[in-house]
Amino acid sequence: MSATDLSSLVTRADVCAVAVADCFRGDGELLANPIGTIPMIGGRLARATWEPDLVMTDGEAALIANDEAVPAVGDRRYETYNPYRTMFDVVWSGRRHVMMGATQVDQYGNQNIAGLGGTPTQPRTQLLGFRGAPGNTINDTTSYWVPQHGPRVFVANVDIVTGIGYDRAAALGEQASRFHEIRRVVSNLGVFDFDTPDHRMRLRSLHPGVTVDDVTAATGFELVIPDDVPTTRLPTPDELRLLTEVIDPTNTRLREVPA
Amino acid sequence: MTENYPQPKQKRLSEDEVVAQLSSGMTVGIGGWGSRRKPMSLVRAILRSDLTGLHLVTYGGPEVGMLCAAGKVAELTFAFVSPDVGPAAVLEPHFRAARQSGAVECTELDEGMLLLGLQAAAWRVPFLPTRVGLGSDLHLVNPGLKTVVSPYGDGEELIAQPAIHLDAALCHLNVADERGNAAFRGPDLYFDDLLLQAAERRFVSTERIVPSGGLVEAAGDVTRLRINRLFVDGLVEAPNGAHPTSCEPEYARDEAFQKTYLGTAKETGAWEAFRSEWLSFPSEADYQAALAARPTEDAK
């Protein structure tokens, strides 16, 4: 299959899934815990290819070996039991890389999933709560997934910090922040990292068909933008086969990021 | 001649007898997680009681929304309140309304800090140290939170998660024996054991009660017997008692009922109509009879 043939078959959702998978590159034997439709698909893809030692959940209380993103209960190939109690043991051990969602994420990678507007104790819009975000970000590598990139998500300052970013980590000092790493933010427009001198968010790559202007218009703060911004890579033919035939044959990823 | 030895404790109670042992203003821990294995028959008994001003401590689901909407809650200690299953329903509308109106005083935590607070209370220590929470804005929504410096050479500063003492704990388990030992048969115990250990008065409702000695067979395996009668004062037999939340493997969440409930925050009067239709029966048995009498297309 030539590159031209391949690109005509690849959807934006496939590119996002591969970009998620690339977040877990080099993680080895740890619990890859991507939360969301495309994150789970991307995590499964990383394990099915170059990161065979990753450990992954069934979304409930077990760690399973399946390549399918969401296998039926009867089809799950159990590796071990992982109830919530055990999950905290893993989180606090540092052997986890979580990919969470973010209602807001700011230029230093601070995340908010608790509330919008108003005051901290009386938000105008109450969201989920802090959930596990403080513990995840102080103990483990964390990445974020944003399926609808927009200026109300990528904000200069989040309304309340649930998951801590690089400015908060720096303020804590080296000892307290030694396990903190925000590796990537993957959105439907591109991939972002914090590989800058002051750990401000940088545009790492643009998904095919997306321009720098598209991204800056959808971002509520000044991104670090290199002179030459690469294009997010396409799936290899084998990765595309795995995505479409094994991991997500019912194309749930297209419901999260439409073609 | 046989001595007259004391009899074992009788722990069997009705839902209303449990609620009679609670009082307004108490701190009450509620077991389960999100919309999974919640002690809803006991929550319904609270809803038809005159209890008010409760402080709820929970991995919250519909019980928080219902008790807030009914004006039963003054305080809430939580890391989240959410159905927590499925992508369509992740936010709890009545909890949100209570939080946004300022009607309920809240202490927010990370999920793991709630575990640590209950564990500290269970172990009778004032706090447990953790890295969790450092650098976040939790101090803005949990102003009592303090740090502690390691007395060892590292000198590391950590969050001191205080013990969360409960006046009462309410949990729903799949099966129990008549003495108060209980087992979970579903995917996860969640933190039911810690809630019971952290509480002064401990109440378990259960799908069924088996004779003492029959619990291993009923639960399938001795490792599922995780609730010890040392930490259970009262026991309620409540078949389908977690409805509308799930109690795997006995039953899944009642999606249709939950959808109806979640819709009651959308328009004025909808909650009162729902409460009048479903949460105002004189007893749990009447509620279950009304559920069973629903037309089949409405049933799950």
# chains A, B, ... in the order shown; residues from 1 in each chain; ligands from 1
call {"tool": "residues_around", "arguments": {"residues": "range 163-172 of chain A", "least_positions_apart": "4", "cutoff": "7 Å", "atoms": "only C-alpha atoms", "output": "JSON, numbers by chain"}}
result
{"A": [108, 109, 110, 111, 112, 133, 134, 137, 176, 177, 199], "B": [135, 136]}
call {"tool": "select_by_dssp", "arguments": {"residues": "range 51-84 of chain A", "states": "helix (DSSP H, G or I)", "output": "list of chain:residue names"}}
result
A:Val73, A:Gly74, A:Asp75, A:Tyr84
call {"tool": "interface_residues", "arguments": {"of": "chain B", "to": "chain A", "cutoff": "6 Å", "atoms": "only C-alpha atoms", "output": "list in words"}}
result
Ala79, Phe80, Arg96, Gln100, Gly102, Asp110, Glu111, Val132, Gly133, Gly135, Ser136, Asp137, Val141, Pro187 and Asp188 of chain B
call {"tool": "residues_around", "arguments": {"residues": "Thr216 in chain A", "least_positions_apart": "3", "cutoff": "12 Å", "atoms": "only C-alpha atoms", "output": "list of chain:residue names"}}
result
A:His149, A:Gly150, A:Pro151, A:Phe154, A:Val155, A:Leu189, A:Gly190, A:Arg202, A:Leu203, A:Leu206, A:Val210, A:Thr211, A:Val212, A:Asp213, A:Thr219, A:Gly220, A:Phe221, A:Glu222, A:Leu223, A:Val224, A:Ile225
call {"tool": "select_by_dssp", "arguments": {"residues": "range 35-209 of chain A", "states": "strand (DSSP E or B)", "output": "PyMOL selection string"}}
result
chain A and resi 55-57+62-64+78-81+96-101+104-105+111-112+115-116+119+122+125-126+141-146+154+163+181-187+190-193+202-206
call {"tool": "residues_around", "arguments": {"residues": "range 230-236 of chain B", "least_positions_apart": "2", "cutoff": "8 Å", "atoms": "only C-alpha atoms", "output": "list of chain:residue names"}}
result
B:Lys11, B:Arg12, B:Leu13, B:Ser14, B:Glu15, B:Val18, B:Glu178, B:Gly180, B:Asn181, B:Leu196, B:Gln197, B:Arg201, B:Arg202, B:Phe203, B:Val204, B:Ser205, B:Thr206, B:Ile227, B:Asn228, B:Ala238
call {"tool": "residues_around", "arguments": {"residues": "Arg44 in chain A", "least_positions_apart": "4", "cutoff": "12 Å", "atoms": "only C-alpha atoms", "output": "PyMOL selection string"}}
result
chain A and resi 17-18+20-24+31-35+37-40+48-58+64-71+239+242-243+246-248
call {"tool": "residues_around", "arguments": {"residues": "Ile46 in chain B", "least_positions_apart": "5", "cutoff": "9 Å", "atoms": "only C-alpha atoms", "output": "tab-separated table (two decimals) with C-alpha atoms, in the first residue's frame"}}
result
chain	number	residue	atom	x	y	z
B	15	GLU	CA	-35.12	-0.04	57.35
B	16	ASP	CA	-37.24	2.17	59.60
B	19	VAL	CA	-33.33	5.15	60.67
B	41	SER	CA	-33.58	0.95	50.69
B	51	LEU	CA	-34.17	13.43	59.65
B	52	THR	CA	-32.46	16.61	58.47
B	67	LEU	CA	-31.04	13.39	49.71
B	72	LYS	CA	-31.84	16.26	54.04
call {"tool": "atom_distance", "arguments": {"atom1": "CA of Ser246 in chain B", "atom2": "CA of Ser35 in chain B"}}
result
6.6 Å
call {"tool": "residues_around", "arguments": {"residues": "range 158-164 of chain B", "least_positions_apart": "2", "cutoff": "8 Å", "atoms": "only C-alpha atoms", "output": "mmCIF file with N, CA and C atoms, in the first residue's frame"}}
result
data_model
loop_
_atom_site.group_PDB
_atom_site.id
_atom_site.type_symbol
_atom_site.label_atom_id
_atom_site.label_comp_id
_atom_site.auth_asym_id
_atom_site.auth_seq_id
_atom_site.Cartn_x
_atom_site.Cartn_y
_atom_site.Cartn_z
ATOM 1 N N MET B 113 -7.707 10.266 49.152
ATOM 2 C CA MET B 113 -7.692 10.901 50.482
ATOM 3 C C MET B 113 -8.901 10.462 51.295
ATOM 4 N N LEU B 114 -10.022 10.213 50.632
ATOM 5 C CA LEU B 114 -11.202 9.724 51.345
ATOM 6 C C LEU B 114 -10.912 8.340 51.930
ATOM 7 N N LEU B 116 -7.977 7.304 52.803
ATOM 8 C CA LEU B 116 -7.032 7.486 53.916
ATOM 9 C C LEU B 116 -7.730 8.033 55.159
ATOM 10 N N GLY B 117 -8.684 8.940 54.955
ATOM 11 C CA GLY B 117 -9.417 9.496 56.091
ATOM 12 C C GLY B 117 -10.226 8.434 56.821
ATOM 13 N N LEU B 118 -10.858 7.558 56.039
ATOM 14 C CA LEU B 118 -11.618 6.467 56.649
ATOM 15 C C LEU B 118 -10.676 5.465 57.317
ATOM 16 N N GLN B 119 -9.543 5.188 56.668
ATOM 17 C CA GLN B 119 -8.582 4.246 57.241
ATOM 18 C C GLN B 119 -8.017 4.781 58.558
ATOM 19 N N ALA B 120 -7.740 6.073 58.596
ATOM 20 C CA ALA B 120 -7.228 6.673 59.832
ATOM 21 C C ALA B 120 -8.253 6.538 60.961
ATOM 22 N N ALA B 121 -9.512 6.802 60.644
ATOM 23 C CA ALA B 121 -10.561 6.650 61.666
ATOM 24 C C ALA B 121 -10.659 5.196 62.103
ATOM 25 N N ARG B 124 -7.902 4.379 64.347
ATOM 26 C CA ARG B 124 -7.874 5.244 65.534
ATOM 27 C C ARG B 124 -6.594 6.064 65.634
ATOM 28 N N VAL B 125 -6.100 6.509 64.467
ATOM 29 C CA VAL B 125 -4.988 7.472 64.447
ATOM 30 C C VAL B 125 -5.529 8.795 63.899
ATOM 31 N N PRO B 126 -4.937 9.939 64.298
ATOM 32 C CA PRO B 126 -5.536 11.226 63.926
ATOM 33 C C PRO B 126 -5.412 11.574 62.446
ATOM 34 N N PHE B 127 -4.421 11.033 61.763
ATOM 35 C CA PHE B 127 -4.247 11.362 60.337
ATOM 36 C C PHE B 127 -3.374 10.300 59.696
ATOM 37 N N LEU B 128 -3.347 10.312 58.388
ATOM 38 C CA LEU B 128 -2.373 9.513 57.646
ATOM 39 C C LEU B 128 -1.681 10.431 56.642
ATOM 40 N N PRO B 129 -0.364 10.288 56.507
ATOM 41 C CA PRO B 129 0.379 11.164 55.581
ATOM 42 C C PRO B 129 0.242 10.695 54.138
ATOM 43 N N THR B 130 0.241 11.645 53.242
ATOM 44 C CA THR B 130 0.176 11.316 51.819
ATOM 45 C C THR B 130 0.736 12.466 50.994
ATOM 46 N N ARG B 131 1.215 12.107 49.822
ATOM 47 C CA ARG B 131 1.662 13.118 48.854
ATOM 48 C C ARG B 131 0.445 13.728 48.131
ATOM 49 N N VAL B 132 -0.665 12.990 48.174
ATOM 50 C CA VAL B 132 -1.840 13.370 47.384
ATOM 51 C C VAL B 132 -2.423 14.700 47.861
ATOM 52 N N GLY B 133 -2.591 15.605 46.934
ATOM 53 C CA GLY B 133 -3.182 16.900 47.253
ATOM 54 C C GLY B 133 -2.182 18.034 47.174
ATOM 55 N N LEU B 134 -0.895 17.738 47.321
ATOM 56 C CA LEU B 134 0.130 18.780 47.264
ATOM 57 C C LEU B 134 0.045 19.525 45.931
ATOM 58 N N LEU B 145 -7.365 21.436 55.784
ATOM 59 C CA LEU B 145 -6.283 20.522 55.421
ATOM 60 C C LEU B 145 -4.919 21.078 55.817
ATOM 61 N N LYS B 146 -4.131 20.275 56.520
ATOM 62 C CA LYS B 146 -2.815 20.720 56.983
ATOM 63 C C LYS B 146 -1.736 19.763 56.489
ATOM 64 N N THR B 147 -0.488 20.214 56.597
ATOM 65 C CA THR B 147 0.624 19.355 56.205
ATOM 66 C C THR B 147 1.404 18.920 57.444
ATOM 67 N N VAL B 148 2.266 17.936 57.260
ATOM 68 C CA VAL B 148 3.091 17.416 58.332
ATOM 69 C C VAL B 148 4.483 17.184 57.740
ATOM 70 N N VAL B 149 5.505 17.429 58.559
ATOM 71 C CA VAL B 149 6.886 17.231 58.082
ATOM 72 C C VAL B 149 7.417 15.918 58.643
ATOM 73 N N SER B 150 7.957 15.110 57.769
ATOM 74 C CA SER B 150 8.525 13.832 58.191
ATOM 75 C C SER B 150 9.568 14.060 59.277
ATOM 76 N N GLU B 156 10.591 15.377 54.469
ATOM 77 C CA GLU B 156 9.602 15.638 53.431
ATOM 78 C C GLU B 156 8.291 16.161 54.027
ATOM 79 N N LEU B 166 -17.180 8.646 61.475
ATOM 80 C CA LEU B 166 -18.590 8.592 61.087
ATOM 81 C C LEU B 166 -19.448 8.244 62.302
ATOM 82 N N ALA B 198 -14.979 2.728 60.302
ATOM 83 C CA ALA B 198 -14.795 4.120 60.725
ATOM 84 C C ALA B 198 -16.001 4.660 61.479
#
call {"tool": "atom_distance", "arguments": {"atom1": "CA of Arg25 in chain A", "atom2": "CA of Thr141 in chain A"}}
result
12.4 Å
call {"tool": "atom_distance", "arguments": {"atom1": "CA of Arg233 in chain A", "atom2": "CA of Arg255 in chain A"}}
result
21.3 Å
call {"tool": "closest_residue", "arguments": {"among": "B:Gly213, B:Gly29, B:Pro143, B:Gly65", "to": "Asp177 in chain B", "atoms": "only C-alpha atoms"}}
result
B:Gly213
